[in-house]
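> Input structure: protein-v2.txt, which contains compact mmCIF, C-alpha atoms.
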# COMPACT_ATOMS: atom_id res chain seq x y z
CA MET U 453 -44.07 -65.53 -170.41
CA GLU U 454 -42.73 -64.64 -173.84
CA SER U 455 -44.83 -62.63 -176.21
CA ASN U 456 -43.20 -63.85 -179.44
CA GLU U 457 -45.03 -66.91 -180.70
CA SER U 458 -43.03 -69.66 -182.36
CA SER U 459 -43.92 -70.23 -185.99
CA TYR U 460 -46.13 -73.22 -185.27
CA VAL U 461 -48.28 -71.77 -182.50
CA SER U 462 -51.42 -70.06 -183.65
CA SER U 463 -52.46 -66.89 -181.85
CA PRO U 464 -54.65 -67.64 -178.83
CA GLU U 465 -58.31 -66.83 -179.02
CA LEU U 466 -59.22 -64.20 -176.50
CA ALA U 467 -62.09 -65.23 -174.29
CA PRO U 468 -65.18 -63.01 -174.40
CA LYS U 469 -65.25 -60.40 -171.66
CA ARG U 470 -67.72 -61.30 -168.94
CA PRO U 471 -67.91 -60.72 -165.21
CA SER U 472 -65.29 -62.78 -163.40
CA PRO U 473 -66.68 -66.18 -162.52
CA PRO U 474 -66.10 -67.74 -159.10
CA PRO U 475 -62.80 -69.59 -158.67
CA PRO U 476 -62.82 -73.17 -159.94
CA LYS U 477 -63.78 -75.89 -157.52
CA SER U 478 -60.86 -77.20 -155.53
CA PRO U 479 -59.56 -80.60 -156.58
CA THR U 480 -60.46 -83.47 -154.29
CA SER U 481 -58.17 -84.09 -151.34
CA ASP U 482 -57.14 -87.31 -153.06
CA SER U 483 -55.80 -85.48 -156.12
CA LEU U 484 -54.13 -82.87 -153.92
CA GLU U 485 -51.98 -85.59 -152.40
CA LYS U 486 -50.77 -86.95 -155.73
CA PRO U 487 -47.50 -85.63 -157.15
CA THR U 488 -47.74 -83.92 -160.53
CA TYR U 489 -45.76 -81.48 -162.66
CA ILE U 490 -46.07 -78.71 -165.19
CA ARG U 491 -43.68 -77.23 -167.74
CA PHE U 492 -43.74 -73.84 -169.44
CA LEU U 493 -41.49 -71.55 -171.46
CA VAL U 494 -39.61 -68.45 -170.40
CA SER U 495 -37.29 -66.25 -172.43
CA ASN U 496 -33.58 -66.59 -171.70
CA ALA U 497 -33.60 -63.08 -170.21
CA ALA U 498 -36.62 -63.80 -167.99
CA ALA U 499 -34.96 -66.98 -166.75
CA GLY U 500 -32.27 -64.87 -165.10
CA SER U 501 -34.80 -62.98 -163.01
CA VAL U 502 -36.47 -66.24 -162.00
CA ILE U 503 -33.14 -67.70 -160.87
CA GLY U 504 -31.98 -64.58 -159.01
CA LYS U 505 -28.48 -63.80 -157.80
CA GLY U 506 -26.75 -67.05 -156.93
CA GLY U 507 -30.06 -68.89 -157.28
CA SER U 508 -31.59 -66.92 -154.40
CA THR U 509 -34.96 -66.18 -156.04
CA ILE U 510 -35.68 -69.69 -157.25
CA THR U 511 -34.54 -71.18 -153.94
CA ASP U 512 -36.91 -68.80 -152.15
CA PHE U 513 -39.76 -69.78 -154.50
CA GLN U 514 -39.11 -73.46 -153.74
CA SER U 515 -39.16 -72.73 -150.03
CA GLN U 516 -42.39 -70.71 -150.23
CA SER U 517 -44.24 -73.19 -152.44
CA GLY U 518 -42.88 -76.56 -151.35
CA ALA U 519 -42.51 -77.54 -155.04
CA ARG U 520 -39.34 -78.44 -156.88
CA ILE U 521 -38.36 -76.01 -159.65
CA GLN U 522 -36.00 -76.98 -162.47
CA LEU U 523 -34.80 -74.99 -165.43
CA SER U 524 -33.19 -76.02 -168.71
CA ARG U 525 -29.69 -74.65 -169.03
CA ASN U 526 -28.64 -71.41 -170.65
CA GLN U 527 -29.02 -71.56 -174.46
CA GLU U 528 -30.87 -74.90 -174.28
CA PHE U 529 -34.27 -74.13 -175.74
CA PHE U 530 -37.57 -75.76 -176.59
CA PRO U 531 -37.37 -76.81 -180.28
CA GLY U 532 -38.39 -74.04 -182.68
CA THR U 533 -38.10 -71.30 -180.03
CA THR U 534 -35.47 -69.31 -178.18
CA ASP U 535 -37.18 -70.02 -174.85
CA ARG U 536 -35.94 -72.07 -171.94
CA ILE U 537 -38.09 -74.61 -170.12
CA ILE U 538 -39.18 -74.41 -166.49
CA MET U 539 -40.42 -77.62 -164.90
CA ILE U 540 -42.22 -77.54 -161.55
CA SER U 541 -43.04 -80.76 -159.71
CA GLY U 542 -44.73 -81.60 -156.42
CA LEU U 543 -48.24 -81.74 -154.98
CA ILE U 544 -50.76 -79.90 -157.15
CA ASP U 545 -51.29 -76.96 -154.76
CA ASP U 546 -47.54 -76.54 -154.31
CA VAL U 547 -47.00 -76.60 -158.08
CA LEU U 548 -49.72 -73.96 -158.63
CA LYS U 549 -48.22 -71.77 -155.89
CA ALA U 550 -44.81 -71.95 -157.58
CA VAL U 551 -46.33 -71.12 -160.99
CA GLU U 552 -48.04 -68.07 -159.47
CA LEU U 553 -44.82 -66.89 -157.79
CA ILE U 554 -42.91 -67.16 -161.07
CA LEU U 555 -45.57 -65.54 -163.25
CA SER U 556 -46.00 -62.72 -160.69
CA LYS U 557 -42.25 -62.15 -160.73
CA LEU U 558 -42.14 -62.00 -164.53
CA LEU U 559 -45.14 -59.66 -164.63
CA SER U 560 -43.49 -57.31 -162.13
CA GLU U 561 -40.35 -57.27 -164.31
CA ILE U 562 -42.44 -56.28 -167.35
CA ASN U 563 -44.17 -53.55 -165.32
CA LEU U 564 -40.81 -52.16 -164.22
CA GLU U 565 -39.57 -52.05 -167.82
CA GLU U 566 -42.70 -50.73 -169.53
CA GLY U 567 -44.46 -48.79 -166.78
CA ASN U 568 -48.19 -48.11 -167.01
CA ASP U 569 -48.31 -48.87 -170.74
CA VAL U 570 -48.01 -52.61 -170.21
CA ASP U 571 -50.91 -54.77 -171.41
CA PRO U 572 -52.33 -56.57 -168.35
CA ARG U 573 -53.06 -59.58 -170.56
CA THR U 574 -49.88 -61.58 -171.15
CA LYS U 575 -49.11 -65.03 -172.52
CA VAL U 576 -47.65 -68.13 -170.92
CA ARG U 577 -46.89 -71.19 -173.01
CA LEU U 578 -47.32 -74.54 -171.30
CA ILE U 579 -45.66 -77.68 -172.65
CA VAL U 580 -48.03 -80.66 -172.72
CA PRO U 581 -47.24 -84.15 -174.06
CA ASN U 582 -49.22 -84.72 -177.23
CA SER U 583 -50.86 -87.85 -175.84
CA PHE U 584 -52.52 -85.82 -173.05
CA CYS U 585 -53.81 -82.92 -175.17
CA GLY U 586 -57.03 -84.77 -175.99
CA GLY U 587 -58.09 -84.60 -172.36
CA ILE U 588 -57.72 -80.81 -172.36
CA ILE U 589 -59.63 -80.45 -175.64
CA GLY U 590 -62.48 -82.80 -174.73
CA LYS U 591 -65.13 -84.24 -177.02
CA GLY U 592 -65.87 -81.71 -179.75
CA GLY U 593 -63.71 -79.16 -177.90
CA ALA U 594 -66.17 -79.08 -174.97
CA THR U 595 -63.53 -79.16 -172.22
CA ILE U 596 -61.32 -76.39 -173.58
CA LYS U 597 -64.39 -74.23 -174.26
CA SER U 598 -65.54 -74.62 -170.66
CA PHE U 599 -62.03 -73.73 -169.42
CA ILE U 600 -62.06 -70.56 -171.54
CA GLU U 601 -65.50 -69.56 -170.26
CA GLU U 602 -64.75 -70.26 -166.61
CA SER U 603 -61.25 -68.79 -166.51
CA GLN U 604 -61.84 -65.88 -168.94
CA ALA U 605 -58.39 -66.66 -170.38
CA GLY U 606 -57.64 -67.37 -174.02
CA ILE U 607 -56.42 -70.95 -174.47
CA LYS U 608 -54.95 -72.22 -177.73
CA ILE U 609 -53.29 -75.57 -178.40
CA SER U 610 -50.66 -75.66 -181.14
CA PRO U 611 -50.85 -78.29 -183.86
CA GLN U 612 -48.30 -81.07 -183.51
CA ASP U 613 -44.99 -80.08 -185.09
CA ASN U 614 -43.30 -82.84 -187.07
CA ASN U 615 -40.28 -80.73 -188.01
CA TYR U 616 -38.31 -81.78 -184.95
CA TYR U 617 -37.27 -85.39 -184.56
CA GLY U 618 -38.33 -86.78 -181.18
CA LEU U 619 -40.65 -83.87 -180.32
CA ASN U 620 -43.79 -85.34 -178.74
CA ASP U 621 -45.03 -82.18 -177.03
CA ARG U 622 -47.39 -79.38 -177.98
CA LEU U 623 -47.62 -75.84 -176.68
CA VAL U 624 -50.75 -74.66 -174.89
CA THR U 625 -50.82 -70.85 -174.92
CA VAL U 626 -52.78 -69.21 -172.11
CA THR U 627 -53.53 -65.50 -172.54
CA GLY U 628 -54.98 -63.24 -169.88
CA THR U 629 -54.35 -61.35 -166.68
CA LEU U 630 -52.40 -63.17 -163.98
CA GLU U 631 -55.65 -64.12 -162.23
CA GLU U 632 -57.19 -65.45 -165.46
CA GLN U 633 -54.04 -67.35 -166.34
CA MET U 634 -53.86 -68.97 -162.91
CA ARG U 635 -57.51 -70.09 -163.11
CA ALA U 636 -56.82 -71.64 -166.52
CA VAL U 637 -53.55 -73.28 -165.41
CA ASP U 638 -55.34 -74.71 -162.36
CA MET U 639 -58.04 -76.25 -164.58
CA ILE U 640 -55.54 -77.58 -167.15
CA LEU U 641 -53.21 -79.09 -164.55
CA SER U 642 -56.10 -80.59 -162.58
CA LYS U 643 -57.44 -82.17 -165.77
CA LEU U 644 -54.02 -83.54 -166.76
CA SER U 645 -53.45 -84.93 -163.27
CA GLU U 646 -56.70 -86.91 -163.43
CA ASP U 647 -54.87 -89.22 -165.85
CA LEU U 648 -52.74 -91.58 -163.74
CA HIS U 649 -50.17 -91.76 -166.54
CA TYR U 650 -49.55 -88.00 -166.63
CA PRO U 651 -47.61 -87.67 -163.34
CA GLN U 652 -45.51 -90.64 -164.46
CA SER U 653 -44.42 -88.77 -167.59
CA VAL U 654 -42.33 -86.46 -165.37
CA ASN U 655 -39.92 -89.39 -165.59
CA VAL U 656 -38.52 -87.90 -168.80
CA PRO U 657 -39.36 -84.19 -168.72
CA PHE U 658 -37.80 -83.61 -172.12
CA SER U 659 -38.29 -85.71 -175.23
CA TYR U 660 -35.77 -83.87 -177.38
CA ALA U 661 -31.99 -83.99 -177.40
CA GLY U 662 -29.85 -81.14 -176.21
CA VAL U 663 -32.06 -80.03 -173.34
CA TYR U 664 -30.95 -80.82 -169.82
CA PHE U 665 -32.40 -79.66 -166.52
CA SER U 666 -30.61 -77.96 -163.69
CA GLY U 667 -32.29 -78.56 -160.35
CA PHE U 668 -32.70 -75.87 -157.73
CA HIS U 669 -33.20 -77.83 -154.55
CA GLY U 670 -31.43 -75.95 -151.80
CA SER U 671 -28.53 -74.83 -153.96
CA PRO U 672 -28.42 -73.63 -157.55
CA TYR U 673 -27.80 -76.12 -160.34
CA THR U 674 -27.99 -79.29 -158.26
CA PRO U 675 -27.78 -82.12 -160.79
CA VAL U 676 -30.65 -84.61 -160.89
CA LEU U 677 -29.37 -87.83 -159.33
CA PRO U 678 -29.82 -91.58 -160.05
CA SER U 679 -30.83 -95.17 -158.89
CA VAL U 680 -33.15 -97.60 -160.87
CA ALA U 681 -35.45 -100.83 -160.72
CA THR U 682 -35.88 -104.57 -161.43
CA ALA U 683 -35.62 -107.19 -164.19
CA ALA U 684 -32.65 -108.93 -165.72
CA TYR U 685 -31.50 -108.07 -169.21
CA ASN U 686 -28.93 -109.48 -171.59
CA GLY U 687 -26.29 -107.22 -173.13
CA VAL U 688 -27.79 -105.45 -176.11
CA ASN U 689 -26.89 -102.50 -178.32
CA TYR U 690 -29.54 -99.83 -178.85
CA GLY U 691 -29.17 -97.19 -181.52
CA PRO U 692 -31.47 -94.64 -183.11
CA ALA U 693 -33.87 -96.33 -185.53
CA GLY U 694 -33.65 -95.21 -189.13
CA GLY U 695 -31.43 -92.40 -190.39
CA GLY U 696 -33.28 -89.64 -188.50
CA GLY U 697 -31.79 -86.59 -190.30
CA LYS U 698 -30.80 -84.41 -187.38
CA PHE U 699 -29.36 -87.29 -185.38
CA GLN U 700 -27.68 -89.23 -188.14
CA ASN U 701 -24.56 -90.87 -186.75
CA ASN U 702 -21.24 -90.32 -188.48
CA LYS U 703 -17.67 -91.31 -187.65
CA GLU U 704 -17.12 -88.22 -185.55
CA ASP U 705 -20.26 -88.94 -183.51
CA ARG U 706 -19.17 -92.48 -182.81
CA SER U 707 -15.69 -91.45 -181.64
CA ASN U 708 -17.02 -90.33 -178.23
CA SER U 709 -17.98 -92.84 -175.59
CA MET U 710 -18.67 -92.97 -171.86
CA THR U 711 -19.59 -95.79 -169.46
CA ILE U 712 -21.76 -95.38 -166.38
CA GLY U 713 -22.77 -97.95 -163.76
CA ILE U 714 -26.37 -98.84 -162.91
CA ALA U 715 -27.21 -101.26 -160.08
CA ASP U 716 -27.87 -104.72 -161.51
CA GLU U 717 -31.28 -105.00 -159.83
CA HIS U 718 -32.29 -101.69 -161.39
CA ILE U 719 -31.36 -102.32 -165.02
CA GLY U 720 -34.82 -103.58 -165.98
CA LEU U 721 -36.55 -100.24 -165.51
CA VAL U 722 -33.91 -98.41 -167.52
CA VAL U 723 -34.29 -100.91 -170.35
CA GLY U 724 -38.09 -101.13 -170.21
CA ARG U 725 -40.33 -103.88 -171.50
CA GLY U 726 -38.90 -105.27 -174.71
CA GLY U 727 -36.16 -102.62 -174.58
CA ARG U 728 -38.66 -99.81 -175.16
CA ASN U 729 -37.31 -97.28 -172.65
CA ILE U 730 -33.73 -97.52 -173.82
CA MET U 731 -34.77 -97.40 -177.48
CA ASP U 732 -36.85 -94.27 -176.81
CA ILE U 733 -33.85 -92.62 -175.17
CA SER U 734 -31.62 -93.65 -178.06
CA GLN U 735 -34.07 -92.29 -180.64
CA ALA U 736 -34.57 -89.02 -178.78
CA THR U 737 -30.86 -88.33 -178.35
CA GLY U 738 -29.18 -90.03 -181.30
CA ALA U 739 -26.80 -91.90 -178.99
CA ARG U 740 -26.05 -95.63 -179.13
CA ILE U 741 -26.50 -97.40 -175.79
CA LYS U 742 -24.98 -100.77 -174.86
CA ILE U 743 -25.77 -102.61 -171.64
CA SER U 744 -23.32 -105.26 -170.43
CA ASP U 745 -24.30 -108.92 -170.06
CA ARG U 746 -25.53 -110.21 -166.73
CA GLY U 747 -22.54 -110.75 -164.43
CA ASP U 748 -20.38 -108.24 -166.35
CA PHE U 749 -19.99 -105.49 -163.75
CA MET U 750 -18.05 -102.27 -163.27
CA SER U 751 -14.83 -103.16 -161.47
CA GLY U 752 -15.34 -103.70 -157.74
CA THR U 753 -19.14 -103.18 -157.88
CA THR U 754 -22.35 -105.00 -158.73
CA ASP U 755 -23.26 -102.24 -161.19
CA ARG U 756 -23.89 -103.19 -164.81
CA LYS U 757 -22.00 -101.22 -167.46
CA VAL U 758 -24.05 -98.86 -169.59
CA THR U 759 -21.91 -97.55 -172.46
CA ILE U 760 -23.17 -94.50 -174.35
CA THR U 761 -21.63 -93.64 -177.71
CA GLY U 762 -22.20 -90.63 -179.97
CA SER U 763 -21.56 -86.90 -180.06
CA GLN U 764 -20.78 -85.23 -176.73
CA ARG U 765 -24.21 -83.59 -176.82
CA ALA U 766 -25.97 -86.91 -177.54
CA ILE U 767 -24.04 -88.64 -174.74
CA ARG U 768 -24.95 -85.95 -172.22
CA ALA U 769 -28.60 -86.04 -173.25
CA ALA U 770 -28.81 -89.83 -173.03
CA GLU U 771 -27.02 -89.91 -169.67
CA THR U 772 -29.38 -87.28 -168.27
CA MET U 773 -32.48 -89.15 -169.48
CA ILE U 774 -31.21 -92.41 -167.96
CA MET U 775 -30.44 -90.67 -164.67
CA GLN U 776 -33.87 -89.02 -164.65
CA LYS U 777 -35.49 -92.44 -165.01
CA VAL U 778 -33.34 -93.76 -162.17
CA ALA U 779 -34.01 -90.76 -159.92
CA TYR U 780 -37.76 -90.93 -160.41
CA ALA U 781 -37.83 -94.61 -159.50
CA SER U 782 -35.64 -93.94 -156.48
CA GLU U 783 -37.95 -91.18 -155.22
CA LYS U 784 -40.92 -93.52 -155.64
CA GLY U 785 -39.12 -96.24 -153.70
CA VAL U 786 -39.23 -98.70 -156.61
CA ASN U 787 -36.95 -101.65 -155.86
In structure tokens, what does this structure look like?

Amino acid sequence: MESNESSYVSSPELAPKRPSPPPPKSPTSDSLEKPTYIRFLVSNAAAGSVIGKGGSTITDFQSQSGARIQLSRNQEFFPGTTDRIIMISGLIDDVLKAVELILSKLLSEINLEEGNDVDPRTKVRLIVPNSFCGGIIGKGGATIKSFIEESQAGIKISPQDNNYYGLNDRLVTVTGTLEEQMRAVDMILSKLSEDLHYPQSVNVPFSYAGVYFSGFHGSPYTPVLPSVATAAYNGVNYGPAGGGGKFQNNKEDRSNSMTIGIADEHIGLVVGRGGRNIMDISQATGARIKISDRGDFMSGTTDRKVTITGSQRAIRAAETMIMQKVAYASEKGVN
């Protein structure tokens, strides 16, 4: 809930003042049972109050809501901003409850600092994959206009920013009171979740290098864990396509290398059809990724070798993205 807009986000349009409309219709029971997720930005300072001492606040929020709450690490920001990323995943009602707990907490912190002079209308910036923004906008902007009218919140979608290699997300700024913001977030998330592909995109919650998520599931900073799914693949090298400015490899980058093991029966999902998944990870991080030939296992295991080469930052980013893909498949019971 940061008031400073990044350079590529236009100021949100404030919705016309009208009597508060009734709450939006509840999603169908079918959609309530489907897992989904939402991401939004918080300042580095605000992140501390969300986490709480020893992770107590965020653990409590998880317990109250039933959703999983993850936070990008300290100093690891959304491109073009100095804001960290919160990702909340779970059933839609649980996710909305967690969003409300966090936004209420941040609003109370602002009230403590600024007293009665605080503007009741604040901003929250949601992160939405570019490919799903069309659903929020609707034909001729009809959907977003109806959301603004019904929620009384200002909603503005940033243009796509091409200044950051691998950035496939846009910011959706929601301006209003907490109640108005929550109505708007409910409508936006419900709309996004109607697309069966949206919940699946939680698989890789970041599409830019240098941002990793710390999980708060019982204890602070629990790393996100692995395990993947089917299809055989021959040993292949994957590297970032083209020179890609920011992620151009040099001798220093190539001097670092690490090897991890992935169960042989799971390699296919990591690689993706035609190598797409692994190439996407390589392009987003700048790391080179080599998968061992069939039958070439880590010593004493049936795990294939996945060797990641590049800068330390690129290696960590690629490893995290691979593990996220594995963890998601594991949670879904993909075998």
> Tell me, in Å to one decimal, how far atom CA of U:Ala499 is from atom CA of U:Ala736.
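That distance, rounded to one decimal, is 25.1 Å.
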> Using only C-alpha atoms, which protein or nucleic acid residues come within 9 Å of U:Ile537? Drop anything in the same chain fewer than 4 positions from it, and give the result as a PyMOL selection string.
chain U and resi 491-495+499+522-525+528-530+579+663+665
> Find the spatial neighbours of stretch 581-593 of chain U, counting all atoms listed in the file, within a cut-off of 6 Å - ignore same-chain residues fewer than 5 positions away - and output them as a list of chain:residue names.
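Neighbouring residues, sequence-local ones excluded: U:Asn620, U:Asp621, U:Arg622.
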> Quick check, in Å to one decimal: how far apart do atom CA of U:Met639 and atom CA of U:Gly518 lie?
20.1 Å
> Check the smallest atom-to-atom distance from each of U:Ile640, U:Ile609, U:Ile712, U:Ala766 to U:Ser751 using all atoms listed in the file, then report the winner.
U:Ile712
> Around (-42.4, -77.8, -166.2) in the file's frame, which residues reach within 12 Å when counting only C-alpha atoms? Return as a compact mmCIF listing (two decimals) with C-alpha atoms, in the coordinates of the input?

# COMPACT_ATOMS: atom_id res chain seq x y z
CA THR U 488 -47.74 -83.92 -160.53
CA TYR U 489 -45.76 -81.48 -162.66
CA ILE U 490 -46.07 -78.71 -165.19
CA ARG U 491 -43.68 -77.23 -167.74
CA PHE U 492 -43.74 -73.84 -169.44
CA LEU U 493 -41.49 -71.55 -171.46
CA VAL U 494 -39.61 -68.45 -170.40
CA ALA U 519 -42.51 -77.54 -155.04
CA ARG U 520 -39.34 -78.44 -156.88
CA ILE U 521 -38.36 -76.01 -159.65
CA GLN U 522 -36.00 -76.98 -162.47
CA LEU U 523 -34.80 -74.99 -165.43
CA SER U 524 -33.19 -76.02 -168.71
CA PHE U 530 -37.57 -75.76 -176.59
CA ARG U 536 -35.94 -72.07 -171.94
CA ILE U 537 -38.09 -74.61 -170.12
CA ILE U 538 -39.18 -74.41 -166.49
CA MET U 539 -40.42 -77.62 -164.90
CA ILE U 540 -42.22 -77.54 -161.55
CA SER U 541 -43.04 -80.76 -159.71
CA GLY U 542 -44.73 -81.60 -156.42
CA VAL U 547 -47.00 -76.60 -158.08
CA LEU U 548 -49.72 -73.96 -158.63
CA ALA U 550 -44.81 -71.95 -157.58
CA VAL U 551 -46.33 -71.12 -160.99
CA ILE U 554 -42.91 -67.16 -161.07
CA VAL U 576 -47.65 -68.13 -170.92
CA ARG U 577 -46.89 -71.19 -173.01
CA LEU U 578 -47.32 -74.54 -171.30
CA ILE U 579 -45.66 -77.68 -172.65
CA VAL U 580 -48.03 -80.66 -172.72
CA PRO U 581 -47.24 -84.15 -174.06
CA ASP U 621 -45.03 -82.18 -177.03
CA LEU U 623 -47.62 -75.84 -176.68
CA LEU U 641 -53.21 -79.09 -164.55
CA PRO U 651 -47.61 -87.67 -163.34
CA SER U 653 -44.42 -88.77 -167.59
CA VAL U 654 -42.33 -86.46 -165.37
CA ASN U 655 -39.92 -89.39 -165.59
CA VAL U 656 -38.52 -87.90 -168.80
CA PRO U 657 -39.36 -84.19 -168.72
CA PHE U 658 -37.80 -83.61 -172.12
CA PHE U 665 -32.40 -79.66 -166.52
CA GLY U 667 -32.29 -78.56 -160.35
> At a cut-off of 6 Å, using all atoms listed in the file, what residues contact U:Lys549? Leave out same-chain residues fewer than 3 positions from it and give the result as a PDB file with C-alpha atoms, in the coordinates of the input.

ATOM      1  CA  SER U 517     -44.240 -73.190-152.440  1.00  0.00           C
ATOM      2  CA  ASP U 546     -47.540 -76.540-154.310  1.00  0.00           C
ATOM      3  CA  GLU U 552     -48.040 -68.070-159.470  1.00  0.00           C
TER       4      GLU U 552
END
> Rank U:Thr754, U:Gln633, U:Gln735, U:Thr627 by their smallest atom-to-atom distance to U:His718, using all atoms listed in the file, and report the top residue only.
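With all atoms listed in the file as the atom set, the closest residue is U:Thr754.
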> Can you work out the spacing between atom CA of U:Ser501 and atom CA of U:Leu555 in Å, to one decimal?
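That distance, rounded to one decimal, is 11.1 Å.
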